[in-house]
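So this one's my_file-v3.cif, mmCIF, C-alpha atoms (C1' of nucleotides):
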```cif
data_start
loop_
_atom_site.label_atom_id
_atom_site.label_comp_id
_atom_site.auth_asym_id
_atom_site.auth_seq_id
_atom_site.Cartn_x
_atom_site.Cartn_y
_atom_site.Cartn_z
CA MET A 1 100.69 0.98 25.27
CA ILE A 2 98.52 -0.06 22.36
CA ALA A 3 94.74 -0.24 22.27
CA LEU A 4 92.77 -2.58 20.06
CA ALA A 5 89.19 -1.56 19.37
CA ASP A 6 86.92 -4.17 17.86
CA CYS A 7 83.26 -3.71 16.96
CA ASN A 8 80.95 -6.16 18.70
CA ASN A 9 79.27 -8.54 16.23
CA PHE A 10 79.89 -5.84 13.66
CA TYR A 11 77.61 -6.78 10.75
CA ALA A 12 74.77 -7.72 13.08
CA SER A 13 75.22 -4.42 14.94
CA CYS A 14 75.07 -2.45 11.67
CA GLU A 15 71.74 -4.08 10.84
CA ARG A 16 70.40 -2.99 14.22
CA VAL A 17 71.28 0.68 14.04
CA PHE A 18 68.25 1.68 11.97
CA GLN A 19 66.02 -1.08 13.33
CA PRO A 20 66.16 -0.67 17.10
CA LYS A 21 63.32 -3.16 17.51
CA LEU A 22 65.98 -5.80 16.80
CA GLU A 23 67.81 -5.04 20.06
CA GLN A 24 67.98 -8.19 22.20
CA LYS A 25 66.77 -10.25 19.22
CA PRO A 26 68.82 -12.96 17.53
CA ILE A 27 70.30 -11.78 14.22
CA VAL A 28 72.45 -13.56 11.67
CA VAL A 29 74.10 -12.15 8.56
CA LEU A 30 74.72 -14.49 5.64
CA SER A 31 77.60 -14.51 3.18
CA ASN A 32 77.12 -13.63 -0.47
CA ASN A 33 74.52 -15.80 -2.16
CA ASP A 34 72.95 -16.27 1.27
CA GLY A 35 75.40 -19.15 1.62
CA CYS A 36 76.60 -19.43 5.18
CA VAL A 37 76.51 -17.57 8.47
CA ILE A 38 79.23 -14.93 8.71
CA ALA A 39 78.01 -12.86 11.67
CA ARG A 40 75.82 -13.50 14.68
CA SER A 41 74.42 -11.33 17.45
CA ASN A 42 75.04 -12.56 21.01
CA GLU A 43 71.49 -13.92 21.11
CA ALA A 44 72.15 -15.95 17.95
CA LYS A 45 75.39 -17.29 19.41
CA LYS A 46 73.49 -18.42 22.51
CA ILE A 47 71.06 -20.41 20.38
CA GLY A 48 74.06 -22.37 19.15
CA ILE A 49 74.32 -21.17 15.58
CA PRO A 50 77.93 -21.84 14.57
CA MET A 51 80.07 -19.45 12.56
CA GLY A 52 80.27 -20.54 8.93
CA ALA A 53 77.24 -22.81 9.11
CA PRO A 54 75.52 -23.32 5.73
CA ALA A 55 72.25 -21.39 5.84
CA PHE A 56 70.18 -24.10 4.19
CA LYS A 57 71.02 -26.47 7.03
CA MET A 58 69.98 -23.90 9.63
CA GLU A 59 66.55 -22.97 8.32
CA GLU A 60 64.66 -24.90 10.95
CA LEU A 61 66.75 -23.46 13.75
CA PHE A 62 66.19 -19.94 12.39
CA GLU A 63 62.46 -20.54 12.14
CA ASN A 64 62.04 -22.06 15.59
CA ASN A 65 63.96 -19.32 17.34
CA GLY A 66 62.65 -16.27 15.52
CA VAL A 67 66.09 -15.46 14.13
CA HIS A 68 66.23 -12.34 11.94
CA VAL A 69 68.18 -13.24 8.82
CA PHE A 70 70.03 -10.73 6.63
CA SER A 71 71.91 -11.00 3.35
CA ALA A 72 75.33 -9.38 3.60
CA ASN A 73 75.05 -5.65 2.82
CA PHE A 74 78.66 -4.62 2.37
CA ALA A 75 77.77 -1.11 1.23
CA LEU A 76 76.17 -0.54 4.62
CA TYR A 77 78.96 -2.19 6.62
CA GLY A 78 81.69 -0.38 4.70
CA ASP A 79 80.06 2.96 5.37
CA PHE A 80 79.60 2.22 9.07
CA SER A 81 83.20 1.08 9.26
CA GLN A 82 84.34 4.47 7.99
CA ARG A 83 82.13 6.29 10.47
CA VAL A 84 83.50 4.25 13.37
CA MET A 85 87.12 4.71 12.24
CA ASN A 86 86.67 8.45 11.69
CA THR A 87 85.19 8.82 15.15
CA MET A 88 88.07 6.97 16.81
CA ARG A 89 90.58 8.99 14.82
CA THR A 90 89.35 12.17 16.54
CA GLU A 91 90.61 10.76 19.84
CA VAL A 92 94.14 9.47 19.17
CA SER A 93 97.38 10.68 17.63
CA ALA A 94 98.08 7.54 15.60
CA MET A 95 95.87 4.73 14.44
CA GLU A 96 96.01 1.67 12.19
CA VAL A 97 92.82 0.42 10.58
CA TYR A 98 93.42 -3.32 10.81
CA SER A 99 90.20 -4.67 9.34
CA ILE A 100 86.66 -3.58 8.57
CA ASP A 101 85.81 -3.64 12.28
CA GLU A 102 89.14 -3.33 14.11
CA SER A 103 91.76 -0.70 14.71
CA PHE A 104 94.93 -0.39 16.73
CA MET A 105 95.41 2.95 18.47
CA ASP A 106 98.58 4.43 19.90
CA PHE A 107 98.10 4.86 23.64
CA SER A 108 101.75 5.52 24.42
CA ASN A 109 101.08 9.04 25.62
CA VAL A 110 97.80 8.31 27.34
CA ALA A 111 98.02 8.89 31.07
CA LEU A 112 94.81 7.11 32.03
CA PRO A 113 94.24 4.31 29.50
CA LYS A 114 91.12 2.90 31.12
CA GLU A 115 89.35 6.25 31.23
CA LYS A 116 90.45 7.11 27.70
CA ALA A 117 89.18 3.80 26.33
CA LEU A 118 85.83 4.26 28.04
CA GLU A 119 85.57 7.74 26.55
CA ILE A 120 86.28 6.45 23.03
CA ARG A 121 83.82 3.63 23.44
CA GLY A 122 81.09 6.04 24.56
CA LYS A 123 81.76 8.43 21.72
CA VAL A 124 81.64 5.70 19.05
CA LYS A 125 78.36 4.38 20.43
CA LEU A 126 76.86 7.88 20.55
CA TRP A 127 78.07 9.02 17.14
CA THR A 128 77.53 5.80 15.16
CA GLY A 129 75.31 3.46 17.18
CA ILE A 130 77.92 0.70 17.05
CA PRO A 131 79.05 -0.98 20.30
CA ILE A 132 82.78 -1.66 20.55
CA SER A 133 85.19 -3.33 22.97
CA ILE A 134 88.69 -2.09 23.70
CA GLY A 135 91.70 -3.97 25.01
CA VAL A 136 94.83 -2.07 26.06
CA ALA A 137 98.28 -3.65 26.61
CA PRO A 138 102.00 -3.13 25.89
CA THR A 139 102.00 -4.92 22.49
CA LYS A 140 99.59 -5.66 19.69
CA ALA A 141 99.32 -9.36 20.47
CA LEU A 142 98.64 -8.60 24.13
CA ALA A 143 96.11 -5.93 23.15
CA LYS A 144 94.35 -8.67 21.20
CA VAL A 145 94.31 -10.80 24.32
CA ALA A 146 93.00 -7.90 26.40
CA ASN A 147 90.29 -7.25 23.82
CA HIS A 148 89.27 -10.90 23.93
CA TYR A 149 88.65 -10.64 27.66
CA ALA A 150 87.08 -7.19 27.41
CA LYS A 151 84.49 -8.54 25.01
CA LYS A 152 83.76 -11.73 26.90
CA PHE A 153 83.93 -10.90 30.54
CA THR A 154 83.64 -7.18 31.25
CA VAL A 155 80.49 -5.13 31.69
CA ASP A 156 81.99 -1.86 30.45
CA GLY A 157 83.72 -3.41 27.40
CA VAL A 158 87.21 -2.20 28.33
CA LEU A 159 90.19 -4.07 29.76
CA VAL A 160 93.71 -2.80 30.43
CA LEU A 161 96.42 -5.47 30.78
CA GLU A 162 99.60 -3.90 32.05
CA LYS A 163 100.94 -5.53 35.22
CA ALA A 164 103.01 -8.69 34.61
CA SER A 165 100.94 -10.66 37.10
CA HIS A 166 97.70 -9.74 35.29
CA ILE A 167 99.22 -10.64 31.93
CA SER A 168 100.35 -14.08 33.02
CA ARG A 169 97.00 -14.76 34.66
CA ALA A 170 95.28 -13.85 31.39
CA LEU A 171 97.61 -16.08 29.37
CA LYS A 172 97.10 -19.03 31.71
CA LYS A 173 93.37 -18.98 31.08
CA LEU A 174 93.57 -18.44 27.33
CA PRO A 175 93.34 -21.49 25.06
CA VAL A 176 96.26 -21.37 22.65
CA GLN A 177 93.99 -21.39 19.60
CA ASP A 178 92.42 -18.10 20.71
CA LEU A 179 95.75 -16.34 20.12
CA TRP A 180 96.23 -14.04 17.16
CA GLY A 181 98.33 -16.06 14.71
CA VAL A 182 97.46 -19.53 15.97
CA GLY A 183 94.94 -21.22 13.75
CA LYS A 184 93.44 -24.69 13.69
CA ARG A 185 96.53 -26.46 12.40
CA TYR A 186 98.98 -25.00 14.87
CA ALA A 187 96.50 -25.53 17.70
CA LYS A 188 96.26 -29.23 16.88
CA PHE A 189 100.01 -29.55 16.44
CA LEU A 190 100.61 -27.82 19.78
CA SER A 191 98.00 -29.74 21.74
CA GLN A 192 99.61 -32.99 20.62
CA ARG A 193 102.68 -31.74 22.44
CA GLY A 194 100.82 -30.77 25.58
CA VAL A 195 100.66 -27.06 24.79
CA VAL A 196 97.12 -26.03 25.65
CA THR A 197 97.18 -22.45 26.91
CA ALA A 198 98.87 -19.28 25.71
CA TYR A 199 100.99 -19.48 28.85
CA ASP A 200 102.26 -22.95 27.84
CA LEU A 201 103.30 -21.54 24.47
CA VAL A 202 105.25 -18.67 26.04
CA GLY A 203 107.17 -21.21 28.14
CA LEU A 204 108.54 -23.10 25.13
CA ASP A 205 112.09 -22.86 23.81
CA GLU A 206 112.32 -20.07 21.23
CA GLY A 207 114.51 -22.14 18.92
CA TRP A 208 111.85 -24.82 18.84
CA ILE A 209 109.16 -22.23 18.11
CA ARG A 210 111.25 -20.82 15.27
CA ARG A 211 111.77 -24.25 13.71
CA ASN A 212 108.19 -25.41 14.04
CA MET A 213 106.14 -22.24 13.68
CA THR A 214 108.41 -20.02 11.55
CA VAL A 215 109.33 -16.46 12.42
CA GLY A 216 105.64 -15.57 12.67
CA GLY A 217 105.27 -17.85 15.68
CA LEU A 218 108.45 -16.49 17.22
CA LYS A 219 107.26 -12.90 16.90
CA LEU A 220 103.96 -13.81 18.50
CA VAL A 221 105.73 -15.34 21.52
CA GLN A 222 108.00 -12.30 21.83
CA GLU A 223 104.98 -10.01 21.77
CA LEU A 224 103.28 -12.06 24.48
CA LYS A 225 106.43 -11.55 26.58
CA GLY A 226 106.00 -7.82 26.13
CA VAL A 227 108.62 -7.34 23.40
CA SER A 228 107.02 -5.35 20.61
CA CYS A 229 107.54 -6.84 17.12
CA PHE A 230 104.58 -5.29 15.33
CA ALA A 231 104.44 -1.50 15.10
CA ILE A 232 101.33 0.51 14.39
CA GLN A 233 101.18 1.08 10.63
CA GLU A 234 99.29 4.23 9.90
CA SER A 235 99.29 4.01 6.15
CA SER A 236 98.53 0.71 4.51
CA PRO A 237 101.16 -0.48 2.05
CA ARG A 238 100.17 -0.82 -1.57
CA LYS A 239 98.27 -4.05 -2.22
CA LYS A 240 100.19 -6.81 -3.99
CA ASN A 241 97.14 -8.58 -5.35
CA ILE A 242 93.61 -7.42 -5.99
CA CYS A 243 90.96 -10.09 -6.48
CA THR A 244 87.31 -9.98 -7.43
CA ALA A 245 85.54 -13.34 -7.32
CA ARG A 246 81.99 -14.50 -6.76
CA SER A 247 79.98 -17.64 -6.62
CA PHE A 248 77.00 -17.52 -8.94
CA GLY A 249 73.45 -17.22 -7.67
CA ARG A 250 72.45 -20.04 -9.98
CA LYS A 251 74.00 -22.60 -12.28
CA VAL A 252 76.02 -21.18 -15.14
CA LYS A 253 76.88 -23.21 -18.22
CA SER A 254 77.20 -20.92 -21.19
CA ALA A 255 80.35 -19.22 -22.31
CA CYS A 256 78.31 -16.08 -22.82
CA GLU A 257 77.23 -15.79 -19.19
CA LEU A 258 80.72 -16.55 -17.96
CA LYS A 259 82.01 -13.83 -20.23
CA GLU A 260 79.60 -11.33 -18.68
CA ALA A 261 80.58 -12.33 -15.16
CA VAL A 262 84.33 -12.32 -15.80
CA SER A 263 84.05 -8.95 -17.56
CA ALA A 264 82.22 -7.51 -14.58
CA TYR A 265 84.87 -8.84 -12.17
CA ALA A 266 87.71 -7.60 -14.36
CA ASN A 267 86.05 -4.20 -14.47
CA THR A 268 85.74 -4.16 -10.68
CA CYS A 269 89.43 -5.02 -10.36
CA SER A 270 90.23 -2.10 -12.66
CA GLU A 271 88.11 0.24 -10.55
CA LYS A 272 89.86 -0.95 -7.39
CA LEU A 273 93.24 -0.33 -9.03
CA ARG A 274 92.25 3.19 -10.06
CA ALA A 275 90.94 3.92 -6.58
CA GLU A 276 94.34 2.93 -5.16
CA GLY A 277 96.29 4.83 -7.81
CA SER A 278 97.86 1.57 -8.99
CA CYS A 279 98.41 -0.35 -12.20
CA ALA A 280 98.84 -4.10 -12.72
CA SER A 281 100.49 -6.11 -15.46
CA LEU A 282 99.52 -9.69 -14.61
CA ILE A 283 95.90 -10.77 -14.98
CA THR A 284 94.73 -14.16 -13.71
CA VAL A 285 91.31 -15.61 -14.48
CA PHE A 286 89.93 -18.68 -12.75
CA LEU A 287 86.69 -20.61 -12.79
CA ALA A 288 85.40 -23.64 -10.95
CA THR A 289 82.49 -26.02 -10.73
CA ASN A 290 80.65 -26.69 -7.47
CA PRO A 291 82.94 -28.80 -5.25
CA PHE A 292 79.98 -29.84 -3.08
CA ASP A 293 78.10 -31.41 -5.98
CA SER A 294 79.68 -34.82 -6.37
CA SER A 295 77.11 -35.87 -8.98
CA GLN A 296 78.70 -33.52 -11.51
CA PRO A 297 82.11 -33.67 -13.15
CA GLN A 298 84.53 -31.33 -11.37
CA TYR A 299 86.84 -28.85 -12.98
CA GLY A 300 88.87 -25.89 -11.88
CA GLY A 301 90.88 -23.89 -14.36
CA SER A 302 93.10 -20.85 -14.05
CA ARG A 303 95.39 -19.01 -16.39
CA LYS A 304 97.48 -15.87 -16.44
CA ILE A 305 98.16 -13.28 -19.05
CA GLN A 306 101.11 -10.92 -18.94
CA LEU A 307 100.58 -7.40 -20.22
CA SER A 308 103.57 -5.55 -21.60
CA THR A 309 102.54 -2.29 -19.95
CA PRO A 310 100.99 -2.11 -16.47
CA THR A 311 97.48 -0.68 -16.66
CA ASN A 312 94.32 0.12 -14.73
CA ASP A 313 92.25 0.71 -17.84
CA SER A 314 88.99 -1.26 -17.76
CA LEU A 315 88.96 -1.80 -21.51
CA GLU A 316 92.40 -3.38 -21.54
CA ILE A 317 91.94 -5.50 -18.44
CA VAL A 318 88.49 -6.75 -19.45
CA LYS A 319 89.74 -7.63 -22.91
CA ALA A 320 92.71 -9.56 -21.52
CA ALA A 321 90.45 -11.36 -19.04
CA ILE A 322 88.05 -12.48 -21.76
CA GLU A 323 90.92 -13.79 -23.89
CA THR A 324 92.18 -15.76 -20.91
CA LEU A 325 88.74 -17.09 -20.08
CA LYS A 326 88.41 -18.50 -23.58
CA GLN A 327 91.52 -20.60 -22.98
CA ILE A 328 90.23 -22.27 -19.82
CA TYR A 329 86.53 -22.56 -20.60
CA LYS A 330 85.31 -26.13 -21.14
CA PRO A 331 81.80 -26.51 -22.52
CA GLY A 332 79.27 -28.89 -20.98
CA LEU A 333 80.12 -28.21 -17.33
CA ILE A 334 78.10 -26.45 -14.65
CA TYR A 335 80.11 -23.58 -13.24
CA LYS A 336 79.66 -22.21 -9.75
CA LYS A 337 82.36 -19.62 -9.36
CA ALA A 338 84.73 -17.40 -11.29
CA GLY A 339 87.18 -14.70 -10.45
CA VAL A 340 89.84 -12.29 -11.65
CA VAL A 341 93.10 -11.44 -9.88
CA VAL A 342 95.37 -8.58 -10.88
CA SER A 343 98.96 -8.57 -9.65
CA GLU A 344 102.48 -7.23 -10.33
CA ILE A 345 101.13 -3.97 -9.04
CA VAL A 346 103.03 -0.68 -9.39
CA PRO A 347 102.14 2.93 -8.61
CA GLU A 348 100.26 4.63 -11.43
CA ASN A 349 102.92 7.31 -11.76
CA GLN A 350 105.79 4.82 -12.06
CA VAL A 351 104.57 2.81 -15.02
CA GLN A 352 107.29 1.74 -17.42
CA LEU A 353 105.93 2.55 -20.86
CA SER A 354 106.64 0.41 -23.88
CA LEU A 355 108.19 1.71 -27.07
CA PHE A 356 105.66 -0.26 -29.09
CA ASP A 357 102.62 0.65 -27.03
CA GLY A 358 99.64 1.30 -29.29
CA VAL A 359 97.32 2.76 -26.65
CA ASP A 360 96.70 6.48 -26.20
CA ARG A 361 97.05 6.33 -22.43
CA ARG A 362 96.36 9.97 -21.72
CA LYS A 363 93.06 9.84 -23.53
CA ARG A 364 92.10 6.57 -21.90
CA LYS A 365 92.88 7.92 -18.49
CA CYS A 366 90.51 10.81 -19.08
CA LEU A 367 87.82 8.37 -20.18
CA MET A 368 88.22 6.21 -17.07
CA ASN A 369 88.20 9.30 -14.85
CA SER A 370 84.93 10.41 -16.38
CA VAL A 371 83.36 6.98 -15.98
CA ASP A 372 84.44 6.79 -12.34
CA GLN A 373 83.12 10.25 -11.58
CA ILE A 374 79.75 9.61 -13.21
CA ASN A 375 79.33 6.29 -11.44
CA LYS A 376 80.31 7.83 -8.14
CA ARG A 377 77.66 10.49 -8.58
CA ILE A 378 74.71 8.56 -9.98
CA GLY A 379 75.33 5.00 -8.90
CA LYS A 380 77.60 2.00 -9.30
CA ASN A 381 77.87 0.54 -12.81
CA LYS A 382 75.55 3.12 -14.36
CA VAL A 383 78.15 3.54 -17.09
CA ARG A 384 79.77 0.25 -18.00
CA LEU A 385 80.97 -1.94 -20.82
CA ALA A 386 78.25 -3.63 -22.86
CA VAL A 387 80.04 -6.96 -22.48
CA GLN A 388 79.23 -6.92 -18.77
CA GLY A 389 75.66 -7.80 -19.74
CA PHE A 390 72.26 -6.44 -18.85
CA ASP A 391 70.14 -9.09 -17.21
CA ARG A 392 73.01 -10.61 -15.20
CA LYS A 393 71.16 -13.79 -14.31
CA TRP A 394 74.31 -15.14 -12.68
CA ARG A 395 74.33 -12.41 -10.07
CA LEU A 396 74.20 -12.97 -6.32
CA LYS A 397 71.27 -14.41 -4.52
CA GLN A 398 70.30 -11.85 -1.86
CA GLU A 399 66.87 -12.60 -0.49
CA HIS A 400 67.18 -10.78 2.82
CA LEU A 401 68.98 -7.59 1.86
CA SER A 402 68.46 -4.58 4.10
CA PRO A 403 68.28 -1.04 2.64
CA CYS A 404 71.53 0.88 2.03
CA TYR A 405 70.36 3.49 4.53
CA THR A 406 73.50 5.59 4.39
CA THR A 407 74.74 5.26 0.82
CA ARG A 408 71.69 5.42 -1.45
CA PHE A 409 69.18 8.25 -1.57
CA THR A 410 66.26 6.00 -2.47
CA ASP A 411 66.96 3.92 0.64
CA LEU A 412 66.91 6.79 3.11
CA LEU A 413 64.97 6.02 6.25
CA THR A 414 61.54 7.68 6.29
CA VAL A 415 59.93 8.71 9.53
CA SER A 416 56.22 9.27 9.82
CA LEU A 417 54.87 11.37 12.63
"C1'" DT B 1 68.00 -26.21 -4.51
"C1'" DC B 2 71.30 -24.52 -1.04
"C1'" DT B 3 78.33 -24.34 1.55
"C1'" DG B 4 81.80 -16.45 1.01
"C1'" DG B 5 85.27 -13.21 -0.40
"C1'" DG B 6 88.84 -10.91 0.36
"C1'" DG B 7 94.01 -10.67 1.81
"C1'" DT B 8 99.20 -11.58 3.85
"C1'" DC B 9 103.54 -13.96 4.89
"C1'" DC B 10 106.75 -17.88 4.99
"C1'" DT B 11 109.21 -21.96 3.28
"C1'" DA B 12 111.06 -25.57 0.39
"C1'" DG B 13 112.62 -26.97 -3.80
"C1'" DG B 14 113.87 -26.39 -8.56
"C1'" DA B 15 116.15 -23.80 -12.07
"C1'" DC B 16 119.39 -20.83 -13.03
"C1'" DC B 17 123.59 -17.45 -12.56
"C1'" DC B 18 128.76 -16.49 -11.70
"C1'" DT C 1 140.35 -41.26 -4.62
"C1'" DC C 2 138.80 -36.70 -5.64
"C1'" DT C 3 133.64 -32.55 -7.77
"C1'" DG C 4 132.76 -25.24 -4.20
"C1'" DG C 5 130.48 -21.57 -2.58
"C1'" DG C 6 127.64 -17.96 -3.08
"C1'" DG C 7 123.66 -16.06 -4.86
"C1'" DT C 8 118.64 -14.94 -7.20
"C1'" DC C 9 114.12 -15.85 -8.89
"C1'" DC C 10 110.00 -18.42 -9.28
"C1'" DT C 11 106.32 -21.46 -7.84
"C1'" DA C 12 103.40 -24.24 -5.09
"C1'" DG C 13 101.73 -25.14 -0.91
"C1'" DG C 14 100.76 -24.18 3.78
"C1'" DA C 15 99.64 -21.30 7.47
"C1'" DC C 16 97.26 -17.45 9.11
"C1'" DC C 17 93.99 -13.06 9.38
"C1'" DC C 18 89.23 -10.65 8.97
#
```

As structure tokens:
Amino acid sequence: MIALADCNNFYASCERVFQPKLEQKPIVVLSNNDGCVIARSNEAKKIGIPMGAPAFKMEELFENNGVHVFSANFALYGDFSQRVMNTMRTEVSAMEVYSIDESFMDFSNVALPKEKALEIRGKVKLWTGIPISIGVAPTKALAKVANHYAKKFTVDGVLVLEKASHISRALKKLPVQDLWGVGKRYAKFLSQRGVVTAYDLVGLDEGWIRRNMTVGGLKLVQELKGVSCFAIQESSPRKKNICTARSFGRKVKSACELKEAVSAYANTCSEKLRAEGSCASLITVFLATNPFDSSQPQYGGSRKIQLSTPTNDSLEIVKAAIETLKQIYKPGLIYKKAGVVVSEIVPENQVQLSLFDGVDRRKRKCLMNSVDQINKRIGKNKVRLAVQGFDRKWRLKQEHLSPCYTTRFTDLLTVSL
DNA sequence: TCTGGGGTCCTAGGACCC
DNA sequence: TCTGGGGTCCTAGGACCC
């Protein structure tokens, strides 16, 4: 048996932990740049605020319903995620962290799954303040289904799906698009063929599924029949791509500002590589104008640069990114977004060195180590490259940011007696 | 004025190899 | 008249996840 734990309305719940007066109140969390709604408390869902709705179109609705609006605070959510995962890890022998707010847990040796799940749920709430729901079933895909019902229809937030009759009853009531692995396109394609529920999908010919929904669809159907195709993966495989990209908080025209932004993103990619113990040899830079602004000329450019030696050195990666940016930059346009992707990733200790390499890599590694350690101790980006800029006018718009209660000393909660 | 930011996997088709 | 069979690698695009 496999359990899937999923935090309820995770970002909204994080915002509530240190502001208990927000219990029972509608909360929404906005994406970067306060762009669109990415998380909603149950109360906000009831008001009819859709997921992904642009915030500027919702202002009246927010106002009229007393909705508490937050800018995304990923430092806070990331820290809470770790606390939740660490708490769950004390209870099970094997666990896979699947996303920032979800984990699969091995329940194969759990005698009383329902009781165990309730215990975990209670412990996470007590230790972290975050409410979670847990679904337990024979496979991952079925655990997802169980979790779906646990969240929607149970009082205690836990559902075990084990008996065949219970499983087929659950599948009969589940719209096919609510399945893990069935998105909008497949849902439309299937409904045109009369496949509406998960149960309908399971009844189809497997050859047909394979032809029309690839092996991914076939594995999903197998899992729904109780045949496990997805094992619990305790350690995450090395990333194949690492991307840092942002929309700008305001219009950006000048090459100089773009250079600052792209340098900052390239530096972040380098930091992510170092944190993973990886190096990359392909750097891609892209930029784009605002696709929603039809009054302006549109442009999207991207270009790659191949490095002869894989690296995670900020100086090298930033330099390569700036060179690449110069090749795709067109003056006179209003840019809205830029990003850097690093790929062709290899482990740091398996880098193929070049005979003609001019860089003193040992020395550089020491430098990067020092920078990382200092920044870890006294704050992000305290030591950085000058090219990353100082006023950073292009940075995110975050008008409703909550304090980083758990990751920044100056933001610690104060209590007056 | 204002619409996010990460990822993965699969497939088809073209170019090329022997 | 008649033109094989087996591969790999790369890319773009599509689908999905959170």

Practice problem: Name all residues at most 12 Å from B:DC16 (count all atoms listed in the file; drop same-chain ones fewer than 2 positions away) and give them as a list in words. | Solution: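 Within the cut-off, the hits are DG14 and DC18 of chain B; DG7, DT8, DC9 and DC10 of chain C.
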
For chain A against chain B, with a cut-off of 6 Å and counting all atoms listed in the file, what is the closest atom pair and its distance in Å to one decimal for every residue that makes the cut, ordered by chain and number, as CSV?
```
residue,atom,partner,partner_atom,distance
A:Ser31,CA,B:DG4,C1',5.1
A:Asn32,CA,B:DG4,C1',5.7
A:Gly35,CA,B:DT3,C1',6.0
A:Pro54,CA,B:DT3,C1',5.1
A:Phe56,CA,B:DC2,C1',5.4
```

Practice problem: Measure the distance from atom CA of A:Val262 to atom CA of A:Asp101 in Å and round it to one decimal. | Solution: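 Pair atom CA of A:Val262 / atom CA of A:Asp101 returns 29.4 Å.
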
Practice problem: For atom CA of A:Ser294 and atom CA of A:Lys336, quote the distance in Å rounded to one decimal. | Solution: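 Spanning atom CA of A:Ser294 to atom CA of A:Lys336 is a straight-line distance of 13.1 Å.
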
Self-check item: For A:Ser168, the nearest of the candidates A:Arg185, A:His148, A:Lys253, A:Lys225, counting all atoms listed in the file
Solution: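 Using all atoms listed in the file, A:Ser168 sits closest to A:Lys225.
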
Exercise. Between atom CA of A:Gln177 and atom CA of A:Glu96, measure the distance and give it in Å to one decimal.
Key: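 These atoms are spaced 24.3 Å apart.
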
Exercise. Report as a list in words the full result of the PyMOL selection byres ((chain A and resi 386) around 12) when it is applied to this structure.
Key: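 Against this file, the PyMOL selection byres ((chain A and resi 386) around 12) returns the residues Lys259, Glu260, Ala261, Ser263, Ala264, Asn267, Leu315, Val318, Asn381, Lys382, Val383, Arg384, Leu385, Val387, Gln388, Gly389, Phe390, Asp391 and Arg392 of chain A.
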
Exercise. Could you tell me which residues the PyMOL selection byres ((chain A and resi 319-334) around 8) grabs in this file, written as a VMD selection string?
Key: chain A and resid 251 to 255 259 262 to 263 266 283 to 286 289 to 290 296 to 297 301 to 305 315 to 318 335 to 336 340

Go ahead and save the residues from that selection, with C-alpha atoms, as a PDB file, in the coordinates of the input.
```
ATOM      1  CA  LYS A 251      74.000 -22.600 -12.280  1.00  0.00           C
ATOM      2  CA  VAL A 252      76.020 -21.180 -15.140  1.00  0.00           C
ATOM      3  CA  LYS A 253      76.880 -23.210 -18.220  1.00  0.00           C
ATOM      4  CA  SER A 254      77.200 -20.920 -21.190  1.00  0.00           C
ATOM      5  CA  ALA A 255      80.350 -19.220 -22.310  1.00  0.00           C
ATOM      6  CA  LYS A 259      82.010 -13.830 -20.230  1.00  0.00           C
ATOM      7  CA  VAL A 262      84.330 -12.320 -15.800  1.00  0.00           C
ATOM      8  CA  SER A 263      84.050  -8.950 -17.560  1.00  0.00           C
ATOM      9  CA  ALA A 266      87.710  -7.600 -14.360  1.00  0.00           C
ATOM     10  CA  ILE A 283      95.900 -10.770 -14.980  1.00  0.00           C
ATOM     11  CA  THR A 284      94.730 -14.160 -13.710  1.00  0.00           C
ATOM     12  CA  VAL A 285      91.310 -15.610 -14.480  1.00  0.00           C
ATOM     13  CA  PHE A 286      89.930 -18.680 -12.750  1.00  0.00           C
ATOM     14  CA  THR A 289      82.490 -26.020 -10.730  1.00  0.00           C
ATOM     15  CA  ASN A 290      80.650 -26.690  -7.470  1.00  0.00           C
ATOM     16  CA  GLN A 296      78.700 -33.520 -11.510  1.00  0.00           C
ATOM     17  CA  PRO A 297      82.110 -33.670 -13.150  1.00  0.00           C
ATOM     18  CA  GLY A 301      90.880 -23.890 -14.360  1.00  0.00           C
ATOM     19  CA  SER A 302      93.100 -20.850 -14.050  1.00  0.00           C
ATOM     20  CA  ARG A 303      95.390 -19.010 -16.390  1.00  0.00           C
ATOM     21  CA  LYS A 304      97.480 -15.870 -16.440  1.00  0.00           C
ATOM     22  CA  ILE A 305      98.160 -13.280 -19.050  1.00  0.00           C
ATOM     23  CA  LEU A 315      88.960  -1.800 -21.510  1.00  0.00           C
ATOM     24  CA  GLU A 316      92.400  -3.380 -21.540  1.00  0.00           C
ATOM     25  CA  ILE A 317      91.940  -5.500 -18.440  1.00  0.00           C
ATOM     26  CA  VAL A 318      88.490  -6.750 -19.450  1.00  0.00           C
ATOM     27  CA  TYR A 335      80.110 -23.580 -13.240  1.00  0.00           C
ATOM     28  CA  LYS A 336      79.660 -22.210  -9.750  1.00  0.00           C
ATOM     29  CA  VAL A 340      89.840 -12.290 -11.650  1.00  0.00           C
TER      30      VAL A 340
END
```

Self-check item: Within 9 Å of A:Gly52 using only C-alpha atoms (C1' of nucleotides), minus same-chain residues under 3 positions, as an NGL selection string
Solution: (:A and (30-31 or 35-39 or 49 or 55)) or (:B and (3))
